[in-house]
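Here the structure comes first, spelled out in structure tokens, and everything after it is commentary.
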Amino acid sequence: MPISIHTKNLRKTYDYFKKEAGLTGSIKSLFWREKLYNEALKGISLEIEEGELVGFLGPNGAGKTTTLKILSGILYPSGGEASVLGHIPWKREPAYQKQFSIVMGQKNQLWWDLPAQESFTLNREIYEIEDKTYNYNLEELTELFDIKDLIDIPVRKLSMGQRMKCELAAALLHSPKVLFLDEPTIGLDIISQDKIINYIEEYNRLKKTTVLLTSHYMRDVERLCKRVIVINHGAIIYDGSVENLMTTYADHKIIRLRFSSEFTVNGLEKYGEVLERDRLSAVLKTSKSDIARTTSRILNDIPVEDLSVEDVDIEDVIKKIFTG
Amino acid sequence: MLRIITRYLRLYKAFLFQSLKEDMTYRSNFLTLVVMDIGLVSISVILFKVIYGHVNTIAGWTFHQSIILIGTVGIVREMAYLTFRRGFLELGNHIRTGTFDIFMVRPIASNLHLAMRHLSLSESLGEGITGIVLVVYGILHLNNWSWISFPLYILLLFNSLMVYYGFSLIINSIVFWVVRSQELNTIIYFFMETSRYPADIYRGIGKVIFTFIIPIGIIATVPASALTGRLGWDFAILSLIIGISFLGIGLFVWKMSIEHYSSASG
Amino acid sequence: MKKYITLFHINWQNSLQYRFSLFVYIGGYSLYIGVLLYLWSAIYSEGQSVGNYTLSQLTTYYILQLMINSIIFSYVSWDVIDNIKTGNFSNFLTKPLDYYMYWFTINISGKMLESIFIIITAGIISFFVSDYISFPEHLSTKLYFLAAVILGIILAFELDFCIGMITFWLTQVRTFKYMLQTMILFFAGAMLPLDLFPPVLTKAAEFLPFRYLVYFPISIYLGKIENPLPSFGILIVWILIFFILSRVLMSRGIKRYEAVGA
């Protein structure tokens, strides 16, 4: 398959000013400030084929959004190369801009006081979409995302989940070949998150649009992407299949226990690594493969009032990859 | 070239209708703004009338000529709001919240996208309407009036808009370098407020500054001079040159500032 | 009391952060004064005069007016309106802080800084245009002027605070405020010296408190008021009246806020 997105050694360094605290600091800063540097990207190289649905995972501040901004032309890199669909993104050529779309989680692009339909019509003008294509896409998208009765309501009256669906639809009206999604599910409730993820998956399946999605929710990436790129401190530390990532690195689960009465007996170690412990509660880390057996053993042996099983924090997974 | 112009005219129409729809959703606000504007202009007129109660001319301008001047400022203001003014007012917010990035991602020039996204009819409509009324009133009281000055007036109005736009571009580009934007709006406000005074009051270095560098002398005085028969051909052409220059410099500074923003933003 | 001093401190620091503003400030001021000087010189150059003001008196009037705009007038009401409308006001209700004193302190600390900027600017500018402006002769004039400014700041704050309090009752308060402010500026003599108005308006202005914000201090400075003491008396009465009004509006407003919910 042809390559849609290609970067080589992409670097980005920001400079910023340090300010001293206090009144003297403020007066001093009127005349002179110390300049510091932050290497946000330390050399990112990746290749994404047409039609791939890739997840871009990493903790906050890892460099995901910076990468996306460079690929969409919002930022210039400090060094390295990148090309998307054969164009250099930061040249911001209209020919390129008409072929991609970016949706940013918390930033609305739809007009707030008007129904989404109006913003759609405006987008048609902006992207110079042919009537036939526009009508076809509009029908398909409103059907697919189930927003037919939402698009005539002023956007400010919609819930966050509904708004996101409309934002997505608006972004896809001009049939972009590449879709950048920056934290699309942030701030949404679990059900809406699921729905959005489903829609993205279906759309990618139907249209073979290349999708690059950033998130710090492991769930999104797990469900949606076959391939995941993990970035931390501005460098790629894993680029491969999700399966491999999960089995290799995220092989543990977290068990949270609350005891029904004060329980000071030692020996919880036999169920897993004890992360936290006090008289009324404990947090254990235990191997994923055994989880059913371990939990039933715990329930059997210990007076437990409440027990919950959680995914390992992505920070842990990443730490693991980094050290492992 | 022609294709580009038609495209942007179509875009303008689309955005304008969108803005009008949005304006209309707040109908009471619409009316209030118009009434308020009319009130403000009336105060300006009253002030001038009081001053003229004490003196006969201001730098050679009679009361009715000054009325035309005030009216012209109002018209140019409304033209500005129908094109770029509100966009610049929102620029600071866009940059602060990060939503400016959207303007860079679309296949439309960022300055035009910003301007069109925030077209506003109602914000200065009162001034625009009273502006026209005042100009007409002033004309009716002039002795030397010829029909030929009218098309020249219209042309010079658009020239003033160009000057205003170029100047606004330069000043507002600063927000890409220094995030604080409140003072910038004050500068622009000052710019329009002082445009009401006939430029003939400036002499020497003041004349140079207020014609070429901070062109408050051009905005209202030049078109009004055309109507009142005070404008020489040489100065008219000079004004057009100034207009085009400001536009050119403004676009250049804006482009440079966007590039800076693209490499520096976080 | 200490908490207000700390507040003063923090707000002060906040204002110092932007050196660009300083530059624009001084530049903008100078240009505006330049325009005014040209305007009035042009008017007077044709042998005309405006009322009983000499050229230097009139230009001084407008330059002072420009400075007073920043020193005396209060702008906290915008923040008060926002604060109440967004519901952030609720945070205040939970803290042991007097709302009125809070904004008074913020107002004063902001003005301290601006006053320094303005005095620096005034110093620089008067060096260049000393021919065009008049300076008061006697020490007593200068002292009275200072007193009038200080009292003016207090009165201006109270008026502004009262306007802010109206937010508890009125939804379209911003538009109302804008109209009210224009009227206040008009009758304060900010647009034109009050004694240049047609007699009807001049008379009306005498009964309103707004003249003490601009016209009164400047008239003292220009030496147009021989015995200002009676006027100071009236000014102090107005200050008391609006202080009481501020507190009353505040307590009523809070009750209403609590009843209606944020």
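In the structure tokens, chains take the letters A, B, ... in the order shown, each chain's residues start at 1, and ligands count up from 1 in the order shown.
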### Message
With 10 Å as the limit and counting only C-alpha atoms, what residues in chain B lie close to chain A? Please list them as a PyMOL selection string.
### Response
chain B and resi 7-8+10-15+17-19+21-23+25-26+97-109+113+117+258-266
At most 9 Å is the cut-off: for each residue in chain C with any atom that close to an atom of chain B, write down the nearest atom pair and the distance in Å rounded to one decimal, counting only C-alpha atoms, chain first then increasing number, as JSON lines.
{"residue": "C:Tyr18", "atom": "CA", "partner": "B:Arg180", "partner_atom": "CA", "distance": 7.6}
{"residue": "C:Phe20", "atom": "CA", "partner": "B:Val178", "partner_atom": "CA", "distance": 7.4}
{"residue": "C:Ser21", "atom": "CA", "partner": "B:Glu183", "partner_atom": "CA", "distance": 6.5}
{"residue": "C:Val24", "atom": "CA", "partner": "B:Glu183", "partner_atom": "CA", "distance": 6.9}
{"residue": "C:Tyr25", "atom": "CA", "partner": "B:Glu183", "partner_atom": "CA", "distance": 7.6}
{"residue": "C:Gly28", "atom": "CA", "partner": "B:Ile187", "partner_atom": "CA", "distance": 6.8}
{"residue": "C:Tyr32", "atom": "CA", "partner": "B:Phe190", "partner_atom": "CA", "distance": 7.6}
{"residue": "C:Gly34", "atom": "CA", "partner": "B:Gly206", "partner_atom": "CA", "distance": 7.8}
{"residue": "C:Val35", "atom": "CA", "partner": "B:Thr194", "partner_atom": "CA", "distance": 7.3}
{"residue": "C:Leu36", "atom": "CA", "partner": "B:Thr194", "partner_atom": "CA", "distance": 8.8}
{"residue": "C:Tyr38", "atom": "CA", "partner": "B:Ile201", "partner_atom": "CA", "distance": 5.7}
{"residue": "C:Leu39", "atom": "CA", "partner": "B:Ile201", "partner_atom": "CA", "distance": 5.7}
{"residue": "C:Trp40", "atom": "CA", "partner": "B:Ile201", "partner_atom": "CA", "distance": 8.5}
{"residue": "C:Ser41", "atom": "CA", "partner": "B:Ile201", "partner_atom": "CA", "distance": 7.9}
{"residue": "C:Ala42", "atom": "CA", "partner": "B:Ile201", "partner_atom": "CA", "distance": 5.3}
{"residue": "C:Ile43", "atom": "CA", "partner": "B:Ile58", "partner_atom": "CA", "distance": 5.1}
{"residue": "C:Tyr44", "atom": "CA", "partner": "B:Ile58", "partner_atom": "CA", "distance": 8.6}
{"residue": "C:Ser45", "atom": "CA", "partner": "B:Ala59", "partner_atom": "CA", "distance": 8.4}
{"residue": "C:Glu46", "atom": "CA", "partner": "B:Ala59", "partner_atom": "CA", "distance": 7.9}
{"residue": "C:Gln48", "atom": "CA", "partner": "B:Val55", "partner_atom": "CA", "distance": 6.0}
{"residue": "C:Ser49", "atom": "CA", "partner": "B:Val55", "partner_atom": "CA", "distance": 6.8}
{"residue": "C:Val50", "atom": "CA", "partner": "B:His54", "partner_atom": "CA", "distance": 5.3}
{"residue": "C:Gly51", "atom": "CA", "partner": "B:His54", "partner_atom": "CA", "distance": 6.5}
{"residue": "C:Gln172", "atom": "CA", "partner": "B:Asn29", "partner_atom": "CA", "distance": 8.7}
{"residue": "C:Thr175", "atom": "CA", "partner": "B:Thr32", "partner_atom": "CA", "distance": 7.5}
{"residue": "C:Tyr178", "atom": "CA", "partner": "B:Met36", "partner_atom": "CA", "distance": 8.5}
{"residue": "C:Met179", "atom": "CA", "partner": "B:Met36", "partner_atom": "CA", "distance": 7.2}
{"residue": "C:Thr182", "atom": "CA", "partner": "B:Leu40", "partner_atom": "CA", "distance": 8.0}
{"residue": "C:Phe186", "atom": "CA", "partner": "B:Ile43", "partner_atom": "CA", "distance": 8.5}
{"residue": "C:Met191", "atom": "CA", "partner": "B:Leu47", "partner_atom": "CA", "distance": 7.6}
{"residue": "C:Leu192", "atom": "CA", "partner": "B:Leu47", "partner_atom": "CA", "distance": 7.2}
{"residue": "C:Leu196", "atom": "CA", "partner": "B:Val50", "partner_atom": "CA", "distance": 7.4}
{"residue": "C:Phe197", "atom": "CA", "partner": "B:Val50", "partner_atom": "CA", "distance": 6.4}
{"residue": "C:Pro198", "atom": "CA", "partner": "B:Val50", "partner_atom": "CA", "distance": 7.4}
### Task
Name the residues of range 17-235 of chain C that fall into helix (DSSP H, G or I) according to DSSP on the backbone, using the chain letters and numbers of this document, as a PyMOL selection string.
chain C and resi 19-45+55-71+76-86+89-93+99-128+139-168+173-188+194-196+199-207+209-212+215-221+229-235
### Query
What is the distance, in Å and to one decimal place, between CA of Gly123 in chain C and CA of Gln65 in chain C?
15.7 Å
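Atom pair CA of Arg279 in chain A / CA of Ile254 in chain A has a distance of 18.6 Å (rounded to one decimal).
The space separating CA of Met250 in chain C from CA of Asp98 in chain C comes to 10.3 Å.
All residues of protein, DNA or RNA that reach within 12 Å of Phe252 in chain B, judged by only C-alpha atoms and not counting those fewer than 2 positions away in the chain, are Asn111, Gly166, Phe167, Leu169, Ile170, Ser173, Ser245, Phe246, Leu247, Gly248, Ile249, Gly250, Trp254, Lys255, Met256, Ser257, Ile258 and Glu259 of chain B.
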#### Entry: Spatial neighbours of range 218-221 of chain C, 7 Å, only C-alpha atoms, chain gap at least 6 places, as a VMD selection string
chain C and resid 61 64 136 141 to 142 145
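Across C:Leu229, C:Leu22, C:Ile120, C:Leu7, the tightest approach to chain A is made by C:Leu22 when counting only C-alpha atoms.
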